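*Asks:* Pasting a structure below so you can have a look.
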Protein chains: 2
Amino acid sequence: MTDRDTSHRDASRTPAHPEAAEIRLEGVLHALSDPVRLSIVLDLAGSADDLACSHFDLPVTKSTTTHHFRVLRESGVVRQAYRGTTKLNALRRDDLDALFPGLLDSVLTAAAAEAARLTA
Amino acid sequence: MTDRDTSHRDASRTPAHPEAAEIRLEGVLHALSDPVRLSIVLDLAGSADDLACSHFDLPVTKSTTTHHFRVLRESGVVRQAYRGTTKLNALRRDDLDALFPGLLDSVLTAAAAEAARLTA
DNA sequence: CGTCTGCTTCGACGACTCTCGTACCATGGG
DNA sequence: CCCATGGTACGAGAGTCGTCGAAGCAGACG
């Protein structure tokens, strides 16, 4: 722990994220087409700031949860960062809005509308 | 063939479409997450009116084309109707806009933007 | 009538997805 | 230092998806 003091800190454990220019529309749509992932995104959008993975109450095991978060991360929908033992998740609102203006909002609105429609 | 005189005419050969209330957001997003289908929708949106299946120049065989059009129809994205030997396709803009306001437009805009971004 | 065109149906195959359980690692606290 | 906690890695299994070719059907047209 001399000059590599920060090597095992938060930033170094950050998993690989695609650049904004690497985000593909098909990938985003595919990521959002899964009910579990859509609920994650919906929950994430409803909260003001980052949420830990453990916050979500999903009907799948931890392995599957990891898988879904990876799909969301690799498609460019969320950004993940470690903080201690937990992992914080945040929507990449800025990047998505810049690339696909209005898309995220309309999907979120549509998801909320559909949820209301089906539970009515 | 007495009272069922119209049974083999255009309307009767119309394949099954989901009701507007049956359209699911996940299904729509999944349908749009395939490059071939997205290009179909894009082409369909660019044209003023219905387009025949034969109009599209897709990099797949005819069997696969049929498959993609079925996915689009069954997810509620397009409406299909026969006219003679050809089949006409049209976006279900009204239904989609009513269910998911702004979604279709933002996807179309995003697809056009991405196409321009990748061919630049 | 015969044939051509446009689309469908039916397997089939490879690839990918979602799911899981188990084993594992890395951080933080007693 | 040891263990509890939160998340990951690695198969593995069931299911779905995209693709194709070959065969078939329904109108159109000579």
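Just remember, in the structure tokens the first chain shown is A, the second B, etc., residues are 1-based per chain, and ligands are 1-based in the order shown.
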Please provide the set of residues having any atom within 12 Å of DT22 of chain C, restricted to only C-alpha atoms (C1' of nucleotides), with same-chain residues fewer than 6 positions apart removed, written as a PDB file with C-alpha atoms (C1' of nucleotides), in the first residue's frame.
*Replies:*
ATOM      1  CA  SER A  63     -27.480 -14.905  -8.715  1.00  0.00           C
TER       2      SER A  63
ATOM      3  C1'  DA D   9     -18.291 -16.683 -10.828  1.00  0.00           C
ATOM      4  C1'  DC D  10     -19.301 -20.888 -12.657  1.00  0.00           C
ATOM      5  C1'  DG D  11     -21.758 -24.408 -14.414  1.00  0.00           C
ATOM      6  C1'  DA D  12     -26.172 -26.346 -15.674  1.00  0.00           C
TER       7       DA D  12
END
*Asks:* Any chance you could lay chain B over chain A, fitting all C-alpha atoms in order by least squares, and write the moved chain as an mmCIF file with N, CA and C atoms, in the first residue's frame?
*Replies:*
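Ended up saving to part11.cif:
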data_model
loop_
_atom_site.group_PDB
_atom_site.id
_atom_site.type_symbol
_atom_site.label_atom_id
_atom_site.label_comp_id
_atom_site.auth_asym_id
_atom_site.auth_seq_id
_atom_site.Cartn_x
_atom_site.Cartn_y
_atom_site.Cartn_z
ATOM 1 N N MET B 1 2.173 -2.898 -3.436
ATOM 2 C CA MET B 1 1.189 -1.889 -3.059
ATOM 3 C C MET B 1 1.899 -0.589 -2.688
ATOM 4 N N THR B 2 2.464 0.015 -3.649
ATOM 5 C CA THR B 2 3.183 1.265 -3.385
ATOM 6 C C THR B 2 2.440 2.442 -3.998
ATOM 7 N N ASP B 3 2.513 2.549 -5.300
ATOM 8 C CA ASP B 3 1.811 3.650 -5.960
ATOM 9 C C ASP B 3 0.382 3.250 -6.307
ATOM 10 N N ARG B 4 0.057 1.985 -6.174
ATOM 11 C CA ARG B 4 -1.292 1.526 -6.489
ATOM 12 C C ARG B 4 -2.148 1.522 -5.230
ATOM 13 N N ASP B 5 -1.895 2.486 -4.381
ATOM 14 C CA ASP B 5 -2.566 2.537 -3.095
ATOM 15 C C ASP B 5 -4.085 2.608 -3.230
ATOM 16 N N THR B 6 -4.568 3.301 -4.271
ATOM 17 C CA THR B 6 -6.009 3.481 -4.413
ATOM 18 C C THR B 6 -6.641 2.335 -5.209
ATOM 19 N N SER B 7 -5.880 1.345 -5.537
ATOM 20 C CA SER B 7 -6.387 0.331 -6.444
ATOM 21 C C SER B 7 -7.485 -0.530 -5.818
ATOM 22 N N HIS B 8 -7.511 -0.595 -4.504
ATOM 23 C CA HIS B 8 -8.552 -1.432 -3.911
ATOM 24 C C HIS B 8 -9.622 -0.587 -3.231
ATOM 25 N N ARG B 9 -9.655 0.688 -3.572
ATOM 26 C CA ARG B 9 -10.676 1.547 -2.990
ATOM 27 C C ARG B 9 -11.928 1.557 -3.873
ATOM 28 N N ASP B 10 -12.867 2.425 -3.516
ATOM 29 C CA ASP B 10 -14.171 2.421 -4.173
ATOM 30 C C ASP B 10 -14.075 2.508 -5.696
ATOM 31 N N ALA B 11 -13.383 3.533 -6.164
ATOM 32 C CA ALA B 11 -13.355 3.771 -7.600
ATOM 33 C C ALA B 11 -12.761 2.583 -8.355
ATOM 34 N N SER B 12 -11.764 1.965 -7.798
ATOM 35 C CA SER B 12 -11.109 0.882 -8.511
ATOM 36 C C SER B 12 -12.014 -0.337 -8.626
ATOM 37 N N ARG B 13 -12.900 -0.484 -7.698
ATOM 38 C CA ARG B 13 -13.786 -1.651 -7.743
ATOM 39 C C ARG B 13 -15.012 -1.393 -8.611
ATOM 40 N N THR B 14 -15.035 -0.248 -9.237
ATOM 41 C CA THR B 14 -16.146 0.040 -10.141
ATOM 42 C C THR B 14 -16.056 -0.865 -11.365
ATOM 43 N N PRO B 15 -17.115 -1.601 -11.646
ATOM 44 C CA PRO B 15 -17.093 -2.500 -12.796
ATOM 45 C C PRO B 15 -17.095 -1.711 -14.106
ATOM 46 N N ALA B 16 -16.882 -2.415 -15.192
ATOM 47 C CA ALA B 16 -16.767 -1.778 -16.503
ATOM 48 C C ALA B 16 -18.123 -1.270 -16.992
ATOM 49 N N HIS B 17 -18.153 -0.026 -17.390
ATOM 50 C CA HIS B 17 -19.352 0.565 -17.980
ATOM 51 C C HIS B 17 -19.070 0.947 -19.418
ATOM 52 N N PRO B 18 -20.069 0.854 -20.282
ATOM 53 C CA PRO B 18 -19.873 1.326 -21.650
ATOM 54 C C PRO B 18 -19.825 2.847 -21.693
ATOM 55 N N GLU B 19 -19.033 3.378 -22.613
ATOM 56 C CA GLU B 19 -19.038 4.815 -22.853
ATOM 57 C C GLU B 19 -20.409 5.212 -23.396
ATOM 58 N N ALA B 20 -20.731 6.480 -23.280
ATOM 59 C CA ALA B 20 -22.020 6.941 -23.795
ATOM 60 C C ALA B 20 -22.149 6.641 -25.282
ATOM 61 N N ALA B 21 -21.055 6.817 -26.014
ATOM 62 C CA ALA B 21 -21.095 6.582 -27.456
ATOM 63 C C ALA B 21 -21.231 5.101 -27.789
ATOM 64 N N GLU B 22 -20.993 4.258 -26.793
ATOM 65 C CA GLU B 22 -21.069 2.815 -27.029
ATOM 66 C C GLU B 22 -22.462 2.262 -26.786
ATOM 67 N N ILE B 23 -23.324 3.057 -26.229
ATOM 68 C CA ILE B 23 -24.670 2.579 -25.892
ATOM 69 C C ILE B 23 -25.484 2.390 -27.161
ATOM 70 N N ARG B 24 -26.066 1.208 -27.277
ATOM 71 C CA ARG B 24 -26.849 0.877 -28.475
ATOM 72 C C ARG B 24 -28.331 0.810 -28.131
ATOM 73 N N LEU B 25 -29.135 1.359 -28.995
ATOM 74 C CA LEU B 25 -30.574 1.385 -28.757
ATOM 75 C C LEU B 25 -31.142 -0.010 -28.587
ATOM 76 N N GLU B 26 -30.747 -0.932 -29.434
ATOM 77 C CA GLU B 26 -31.254 -2.300 -29.321
ATOM 78 C C GLU B 26 -30.938 -2.882 -27.947
ATOM 79 N N GLY B 27 -29.723 -2.618 -27.481
ATOM 80 C CA GLY B 27 -29.339 -3.126 -26.164
ATOM 81 C C GLY B 27 -30.195 -2.551 -25.060
ATOM 82 N N VAL B 28 -30.481 -1.272 -25.142
ATOM 83 C CA VAL B 28 -31.313 -0.626 -24.127
ATOM 84 C C VAL B 28 -32.724 -1.210 -24.165
ATOM 85 N N LEU B 29 -33.281 -1.332 -25.367
ATOM 86 C CA LEU B 29 -34.638 -1.865 -25.482
ATOM 87 C C LEU B 29 -34.692 -3.298 -24.969
ATOM 88 N N HIS B 30 -33.678 -4.072 -25.303
ATOM 89 C CA HIS B 30 -33.653 -5.446 -24.821
ATOM 90 C C HIS B 30 -33.552 -5.483 -23.297
ATOM 91 N N ALA B 31 -32.719 -4.623 -22.752
ATOM 92 C CA ALA B 31 -32.573 -4.596 -21.303
ATOM 93 C C ALA B 31 -33.900 -4.252 -20.634
ATOM 94 N N LEU B 32 -34.648 -3.370 -21.236
ATOM 95 C CA LEU B 32 -35.910 -2.935 -20.636
ATOM 96 C C LEU B 32 -37.058 -3.891 -20.920
ATOM 97 N N SER B 33 -36.847 -4.875 -21.764
ATOM 98 C CA SER B 33 -37.944 -5.765 -22.151
ATOM 99 C C SER B 33 -38.137 -6.918 -21.179
ATOM 100 N N ASP B 34 -37.359 -6.955 -20.122
ATOM 101 C CA ASP B 34 -37.544 -7.992 -19.110
ATOM 102 C C ASP B 34 -38.291 -7.397 -17.923
ATOM 103 N N PRO B 35 -39.324 -8.084 -17.429
ATOM 104 C CA PRO B 35 -40.137 -7.549 -16.340
ATOM 105 C C PRO B 35 -39.329 -7.233 -15.081
ATOM 106 N N VAL B 36 -38.404 -8.123 -14.745
ATOM 107 C CA VAL B 36 -37.609 -7.883 -13.536
ATOM 108 C C VAL B 36 -36.771 -6.625 -13.703
ATOM 109 N N ARG B 37 -36.109 -6.511 -14.832
ATOM 110 C CA ARG B 37 -35.260 -5.338 -15.045
ATOM 111 C C ARG B 37 -36.087 -4.073 -15.167
ATOM 112 N N LEU B 38 -37.244 -4.183 -15.794
ATOM 113 C CA LEU B 38 -38.094 -3.000 -15.915
ATOM 114 C C LEU B 38 -38.532 -2.514 -14.544
ATOM 115 N N SER B 39 -38.838 -3.435 -13.654
ATOM 116 C CA SER B 39 -39.245 -3.033 -12.314
ATOM 117 C C SER B 39 -38.077 -2.391 -11.571
ATOM 118 N N ILE B 40 -36.887 -2.882 -11.824
ATOM 119 C CA ILE B 40 -35.712 -2.262 -11.212
ATOM 120 C C ILE B 40 -35.586 -0.816 -11.677
ATOM 121 N N VAL B 41 -35.683 -0.622 -12.983
ATOM 122 C CA VAL B 41 -35.529 0.718 -13.544
ATOM 123 C C VAL B 41 -36.627 1.635 -13.032
ATOM 124 N N LEU B 42 -37.820 1.089 -12.934
ATOM 125 C CA LEU B 42 -38.939 1.871 -12.447
ATOM 126 C C LEU B 42 -38.689 2.321 -11.016
ATOM 127 N N ASP B 43 -38.240 1.405 -10.195
ATOM 128 C CA ASP B 43 -37.939 1.715 -8.808
ATOM 129 C C ASP B 43 -36.822 2.744 -8.720
ATOM 130 N N LEU B 44 -35.827 2.562 -9.580
ATOM 131 C CA LEU B 44 -34.679 3.459 -9.597
ATOM 132 C C LEU B 44 -35.097 4.866 -10.008
ATOM 133 N N ALA B 45 -36.019 4.946 -10.943
ATOM 134 C CA ALA B 45 -36.462 6.254 -11.416
ATOM 135 C C ALA B 45 -37.319 6.949 -10.372
ATOM 136 N N GLY B 46 -38.029 6.173 -9.576
ATOM 137 C CA GLY B 46 -38.878 6.764 -8.560
ATOM 138 C C GLY B 46 -38.099 7.334 -7.397
ATOM 139 N N SER B 47 -36.935 6.792 -7.155
ATOM 140 C CA SER B 47 -36.127 7.287 -6.051
ATOM 141 C C SER B 47 -35.248 8.445 -6.508
ATOM 142 N N ALA B 48 -34.994 9.358 -5.599
ATOM 143 C CA ALA B 48 -34.225 10.547 -5.955
ATOM 144 C C ALA B 48 -32.777 10.191 -6.264
ATOM 145 N N ASP B 49 -32.197 9.342 -5.445
ATOM 146 C CA ASP B 49 -30.777 9.050 -5.627
ATOM 147 C C ASP B 49 -30.507 7.556 -5.750
ATOM 148 N N ASP B 50 -29.263 7.209 -5.594
ATOM 149 C CA ASP B 50 -28.833 5.837 -5.796
ATOM 150 C C ASP B 50 -29.515 4.881 -4.826
ATOM 151 N N LEU B 51 -29.641 3.638 -5.258
ATOM 152 C CA LEU B 51 -30.235 2.613 -4.416
ATOM 153 C C LEU B 51 -29.294 1.408 -4.357
ATOM 154 N N ALA B 52 -29.216 0.819 -3.191
ATOM 155 C CA ALA B 52 -28.407 -0.382 -3.033
ATOM 156 C C ALA B 52 -29.141 -1.578 -3.633
ATOM 157 N N CYS B 53 -28.385 -2.551 -4.072
ATOM 158 C CA CYS B 53 -28.991 -3.751 -4.630
ATOM 159 C C CYS B 53 -29.932 -4.394 -3.621
ATOM 160 N N SER B 54 -29.543 -4.324 -2.357
ATOM 161 C CA SER B 54 -30.332 -4.994 -1.326
ATOM 162 C C SER B 54 -31.673 -4.315 -1.095
ATOM 163 N N HIS B 55 -31.836 -3.133 -1.626
ATOM 164 C CA HIS B 55 -33.102 -2.433 -1.440
ATOM 165 C C HIS B 55 -34.237 -3.081 -2.209
ATOM 166 N N PHE B 56 -33.905 -3.683 -3.342
ATOM 167 C CA PHE B 56 -34.936 -4.215 -4.221
ATOM 168 C C PHE B 56 -35.460 -5.551 -3.709
ATOM 169 N N ASP B 57 -36.763 -5.707 -3.829
ATOM 170 C CA ASP B 57 -37.391 -6.964 -3.414
ATOM 171 C C ASP B 57 -37.845 -7.693 -4.669
ATOM 172 N N LEU B 58 -36.944 -8.479 -5.228
ATOM 173 C CA LEU B 58 -37.214 -9.117 -6.509
ATOM 174 C C LEU B 58 -37.565 -10.586 -6.316
ATOM 175 N N PRO B 59 -38.393 -11.123 -7.216
ATOM 176 C CA PRO B 59 -38.843 -12.511 -7.098
ATOM 177 C C PRO B 59 -37.822 -13.506 -7.653
ATOM 178 N N VAL B 60 -36.562 -13.184 -7.571
ATOM 179 C CA VAL B 60 -35.521 -14.088 -8.064
ATOM 180 C C VAL B 60 -34.411 -14.175 -7.023
ATOM 181 N N THR B 61 -33.516 -15.129 -7.233
ATOM 182 C CA THR B 61 -32.431 -15.303 -6.284
ATOM 183 C C THR B 61 -31.388 -14.197 -6.479
ATOM 184 N N LYS B 62 -30.390 -14.244 -5.586
ATOM 185 C CA LYS B 62 -29.373 -13.202 -5.664
ATOM 186 C C LYS B 62 -28.502 -13.361 -6.905
ATOM 187 N N SER B 63 -28.241 -14.589 -7.317
ATOM 188 C CA SER B 63 -27.456 -14.781 -8.533
ATOM 189 C C SER B 63 -28.143 -14.122 -9.719
ATOM 190 N N THR B 64 -29.432 -14.361 -9.820
ATOM 191 C CA THR B 64 -30.176 -13.789 -10.938
ATOM 192 C C THR B 64 -30.216 -12.278 -10.836
ATOM 193 N N THR B 65 -30.336 -11.768 -9.622
ATOM 194 C CA THR B 65 -30.311 -10.322 -9.447
ATOM 195 C C THR B 65 -29.009 -9.741 -9.970
ATOM 196 N N THR B 66 -27.899 -10.368 -9.627
ATOM 197 C CA THR B 66 -26.603 -9.915 -10.136
ATOM 198 C C THR B 66 -26.602 -9.907 -11.654
ATOM 199 N N HIS B 67 -27.137 -10.987 -12.224
ATOM 200 C CA HIS B 67 -27.197 -11.079 -13.685
ATOM 201 C C HIS B 67 -27.979 -9.909 -14.282
ATOM 202 N N HIS B 68 -29.141 -9.600 -13.722
ATOM 203 C CA HIS B 68 -29.964 -8.528 -14.274
ATOM 204 C C HIS B 68 -29.283 -7.175 -14.143
ATOM 205 N N PHE B 69 -28.629 -6.958 -13.019
ATOM 206 C CA PHE B 69 -27.934 -5.681 -12.857
ATOM 207 C C PHE B 69 -26.775 -5.578 -13.834
ATOM 208 N N ARG B 70 -26.146 -6.692 -14.125
ATOM 209 C CA ARG B 70 -25.065 -6.646 -15.108
ATOM 210 C C ARG B 70 -25.592 -6.304 -16.485
ATOM 211 N N VAL B 71 -26.733 -6.894 -16.859
ATOM 212 C CA VAL B 71 -27.315 -6.574 -18.160
ATOM 213 C C VAL B 71 -27.644 -5.089 -18.235
ATOM 214 N N LEU B 72 -28.219 -4.571 -17.162
ATOM 215 C CA LEU B 72 -28.557 -3.148 -17.149
ATOM 216 C C LEU B 72 -27.300 -2.290 -17.237
ATOM 217 N N ARG B 73 -26.254 -2.700 -16.555
ATOM 218 C CA ARG B 73 -25.021 -1.916 -16.579
ATOM 219 C C ARG B 73 -24.355 -1.991 -17.952
ATOM 220 N N GLU B 74 -24.248 -3.191 -18.493
ATOM 221 C CA GLU B 74 -23.542 -3.364 -19.766
ATOM 222 C C GLU B 74 -24.303 -2.776 -20.945
ATOM 223 N N SER B 75 -25.597 -2.606 -20.803
ATOM 224 C CA SER B 75 -26.356 -1.977 -21.874
ATOM 225 C C SER B 75 -26.363 -0.460 -21.721
ATOM 226 N N GLY B 76 -25.829 0.027 -20.607
ATOM 227 C CA GLY B 76 -25.727 1.469 -20.430
ATOM 228 C C GLY B 76 -26.907 2.105 -19.734
ATOM 229 N N VAL B 77 -27.770 1.305 -19.138
ATOM 230 C CA VAL B 77 -28.963 1.863 -18.508
ATOM 231 C C VAL B 77 -28.663 2.364 -17.094
ATOM 232 N N VAL B 78 -27.838 1.635 -16.365
ATOM 233 C CA VAL B 78 -27.533 2.060 -15.000
ATOM 234 C C VAL B 78 -26.028 2.189 -14.813
ATOM 235 N N ARG B 79 -25.677 2.937 -13.788
ATOM 236 C CA ARG B 79 -24.283 3.070 -13.396
ATOM 237 C C ARG B 79 -24.167 2.485 -11.993
ATOM 238 N N GLN B 80 -23.125 1.695 -11.773
ATOM 239 C CA GLN B 80 -22.963 1.031 -10.490
ATOM 240 C C GLN B 80 -21.644 1.433 -9.856
ATOM 241 N N ALA B 81 -21.661 1.536 -8.545
ATOM 242 C CA ALA B 81 -20.432 1.851 -7.823
ATOM 243 C C ALA B 81 -20.508 1.214 -6.441
ATOM 244 N N TYR B 82 -19.384 0.758 -5.979
ATOM 245 C CA TYR B 82 -19.354 0.126 -4.659
ATOM 246 C C TYR B 82 -19.214 1.178 -3.580
ATOM 247 N N ARG B 83 -19.855 0.884 -2.476
ATOM 248 C CA ARG B 83 -19.638 1.701 -1.289
ATOM 249 C C ARG B 83 -19.633 0.743 -0.116
ATOM 250 N N GLY B 84 -18.447 0.401 0.300
ATOM 251 C CA GLY B 84 -18.328 -0.618 1.325
ATOM 252 C C GLY B 84 -18.732 -1.961 0.746
ATOM 253 N N THR B 85 -19.588 -2.678 1.427
ATOM 254 C CA THR B 85 -19.995 -3.989 0.932
ATOM 255 C C THR B 85 -21.181 -3.901 -0.016
ATOM 256 N N THR B 86 -21.865 -2.798 -0.001
ATOM 257 C CA THR B 86 -23.039 -2.687 -0.853
ATOM 258 C C THR B 86 -22.684 -2.022 -2.177
ATOM 259 N N LYS B 87 -23.549 -2.186 -3.130
ATOM 260 C CA LYS B 87 -23.331 -1.605 -4.452
ATOM 261 C C LYS B 87 -24.472 -0.663 -4.756
ATOM 262 N N LEU B 88 -24.123 0.544 -5.109
ATOM 263 C CA LEU B 88 -25.140 1.546 -5.381
ATOM 264 C C LEU B 88 -25.454 1.597 -6.870
ATOM 265 N N ASN B 89 -26.725 1.768 -7.178
ATOM 266 C CA ASN B 89 -27.173 1.790 -8.555
ATOM 267 C C ASN B 89 -27.880 3.103 -8.861
ATOM 268 N N ALA B 90 -27.621 3.622 -10.030
ATOM 269 C CA ALA B 90 -28.274 4.849 -10.459
ATOM 270 C C ALA B 90 -28.543 4.785 -11.950
ATOM 271 N N LEU B 91 -29.657 5.367 -12.353
ATOM 272 C CA LEU B 91 -29.976 5.451 -13.773
ATOM 273 C C LEU B 91 -28.990 6.385 -14.463
ATOM 274 N N ARG B 92 -28.629 6.079 -15.683
ATOM 275 C CA ARG B 92 -27.771 6.980 -16.467
ATOM 276 C C ARG B 92 -28.662 7.936 -17.241
ATOM 277 N N ARG B 93 -29.436 8.691 -16.520
ATOM 278 C CA ARG B 93 -30.421 9.594 -17.132
ATOM 279 C C ARG B 93 -29.797 10.553 -18.105
ATOM 280 N N ASP B 94 -28.700 11.186 -17.698
ATOM 281 C CA ASP B 94 -28.067 12.190 -18.550
ATOM 282 C C ASP B 94 -27.639 11.601 -19.883
ATOM 283 N N ASP B 95 -26.944 10.466 -19.824
ATOM 284 C CA ASP B 95 -26.468 9.855 -21.065
ATOM 285 C C ASP B 95 -27.620 9.402 -21.939
ATOM 286 N N LEU B 96 -28.605 8.762 -21.317
ATOM 287 C CA LEU B 96 -29.723 8.246 -22.102
ATOM 288 C C LEU B 96 -30.532 9.385 -22.720
ATOM 289 N N ASP B 97 -30.745 10.437 -21.935
ATOM 290 C CA ASP B 97 -31.502 11.567 -22.483
ATOM 291 C C ASP B 97 -30.751 12.246 -23.622
ATOM 292 N N ALA B 98 -29.422 12.277 -23.510
ATOM 293 C CA ALA B 98 -28.635 12.904 -24.576
ATOM 294 C C ALA B 98 -28.690 12.060 -25.850
ATOM 295 N N LEU B 99 -28.611 10.751 -25.682
ATOM 296 C CA LEU B 99 -28.594 9.871 -26.852
ATOM 297 C C LEU B 99 -29.987 9.690 -27.446
ATOM 298 N N PHE B 100 -30.948 9.426 -26.563
ATOM 299 C CA PHE B 100 -32.296 9.093 -27.013
ATOM 300 C C PHE B 100 -33.311 9.992 -26.300
ATOM 301 N N PRO B 101 -33.470 11.208 -26.772
ATOM 302 C CA PRO B 101 -34.314 12.184 -26.058
ATOM 303 C C PRO B 101 -35.738 11.681 -25.896
ATOM 304 N N GLY B 102 -36.212 11.709 -24.664
ATOM 305 C CA GLY B 102 -37.594 11.352 -24.390
ATOM 306 C C GLY B 102 -37.849 9.871 -24.256
ATOM 307 N N LEU B 103 -36.876 9.059 -24.648
ATOM 308 C CA LEU B 103 -37.119 7.611 -24.640
ATOM 309 C C LEU B 103 -37.344 7.091 -23.229
ATOM 310 N N LEU B 104 -36.432 7.411 -22.342
ATOM 311 C CA LEU B 104 -36.538 6.887 -20.983
ATOM 312 C C LEU B 104 -37.843 7.333 -20.327
ATOM 313 N N ASP B 105 -38.170 8.609 -20.473
ATOM 314 C CA ASP B 105 -39.391 9.112 -19.857
ATOM 315 C C ASP B 105 -40.625 8.410 -20.395
ATOM 316 N N SER B 106 -40.673 8.214 -21.695
ATOM 317 C CA SER B 106 -41.861 7.567 -22.249
ATOM 318 C C SER B 106 -41.939 6.109 -21.816
ATOM 319 N N VAL B 107 -40.799 5.448 -21.691
ATOM 320 C CA VAL B 107 -40.825 4.063 -21.210
ATOM 321 C C VAL B 107 -41.290 4.028 -19.754
ATOM 322 N N LEU B 108 -40.784 4.941 -18.955
ATOM 323 C CA LEU B 108 -41.180 4.967 -17.549
ATOM 324 C C LEU B 108 -42.665 5.268 -17.413
ATOM 325 N N THR B 109 -43.124 6.245 -18.177
ATOM 326 C CA THR B 109 -44.547 6.568 -18.149
ATOM 327 C C THR B 109 -45.381 5.384 -18.595
ATOM 328 N N ALA B 110 -44.926 4.744 -19.666
ATOM 329 C CA ALA B 110 -45.663 3.589 -20.185
ATOM 330 C C ALA B 110 -45.685 2.450 -19.170
ATOM 331 N N ALA B 111 -44.558 2.229 -18.502
ATOM 332 C CA ALA B 111 -44.508 1.156 -17.519
ATOM 333 C C ALA B 111 -45.436 1.451 -16.350
ATOM 334 N N ALA B 112 -45.439 2.684 -15.906
ATOM 335 C CA ALA B 112 -46.326 3.059 -14.809
ATOM 336 C C ALA B 112 -47.781 2.919 -15.239
ATOM 337 N N ALA B 113 -48.085 3.357 -16.458
ATOM 338 C CA ALA B 113 -49.456 3.264 -16.960
ATOM 339 C C ALA B 113 -49.885 1.809 -17.069
ATOM 340 N N GLU B 114 -48.985 0.965 -17.559
ATOM 341 C CA GLU B 114 -49.351 -0.433 -17.700
ATOM 342 C C GLU B 114 -49.541 -1.101 -16.349
ATOM 343 N N ALA B 115 -48.668 -0.765 -15.401
ATOM 344 C CA ALA B 115 -48.815 -1.327 -14.062
ATOM 345 C C ALA B 115 -50.166 -0.948 -13.472
ATOM 346 N N ALA B 116 -50.545 0.308 -13.652
ATOM 347 C CA ALA B 116 -51.845 0.759 -13.143
ATOM 348 C C ALA B 116 -52.975 0.053 -13.887
ATOM 349 N N ARG B 117 -52.768 -0.154 -15.180
ATOM 350 C CA ARG B 117 -53.803 -0.783 -15.998
ATOM 351 C C ARG B 117 -54.013 -2.243 -15.602
ATOM 352 N N LEU B 118 -52.939 -2.924 -15.239
ATOM 353 C CA LEU B 118 -53.045 -4.346 -14.942
ATOM 354 C C LEU B 118 -53.482 -4.622 -13.506
ATOM 355 N N THR B 119 -53.208 -3.710 -12.616
ATOM 356 C CA THR B 119 -53.599 -3.938 -11.222
ATOM 357 C C THR B 119 -54.969 -3.356 -10.938
ATOM 358 N N ALA B 120 -55.525 -2.660 -11.903
ATOM 359 C CA ALA B 120 -56.831 -2.033 -11.669
ATOM 360 C C ALA B 120 -57.914 -3.092 -11.512
#
*Asks:* DSSP on the backbone: which residues in segment 1-119 of chain A end up as helix (DSSP H, G or I)? Give the answer as a PyMOL selection string.
*Replies:* chain A and resi 11-13+20-22+25-32+35-46+53-55+62-74+93-99+103-119
*Asks:* Determine which residues of chain D sit within 12 Å of chain B, taking into account only C-alpha atoms (C1' of nucleotides), and present them as a ChimeraX atom specification.
*Replies:* /D:17-22,25-28
*Asks:* Hey, which bits of chain C sit within 8 Å of chain B, and for each residue what's the closest pair of atoms and how far apart in Å (one decimal), counting only C-alpha atoms (C1' of nucleotides), rows by chain and increasing number, as JSON lines?
*Replies:*
{"residue": "C:DG6", "atom": "C1'", "partner": "B:Thr85", "partner_atom": "CA", "distance": 5.8}
{"residue": "C:DC7", "atom": "C1'", "partner": "B:Thr86", "partner_atom": "CA", "distance": 7.4}
{"residue": "C:DT8", "atom": "C1'", "partner": "B:Thr66", "partner_atom": "CA", "distance": 7.5}
*Asks:* Could you jot down the atom C1' of DT5 of chain D to atom C1' of DG29 of chain C separation for me, Å, one decimal place?
*Replies:* 10.4 Å
*Asks:* Among chain B, which ones does DSSP place in strand (DSSP E or B), written as an MDAnalysis selection string?
*Replies:* chainID B and resid 51:52 78:83 86:91
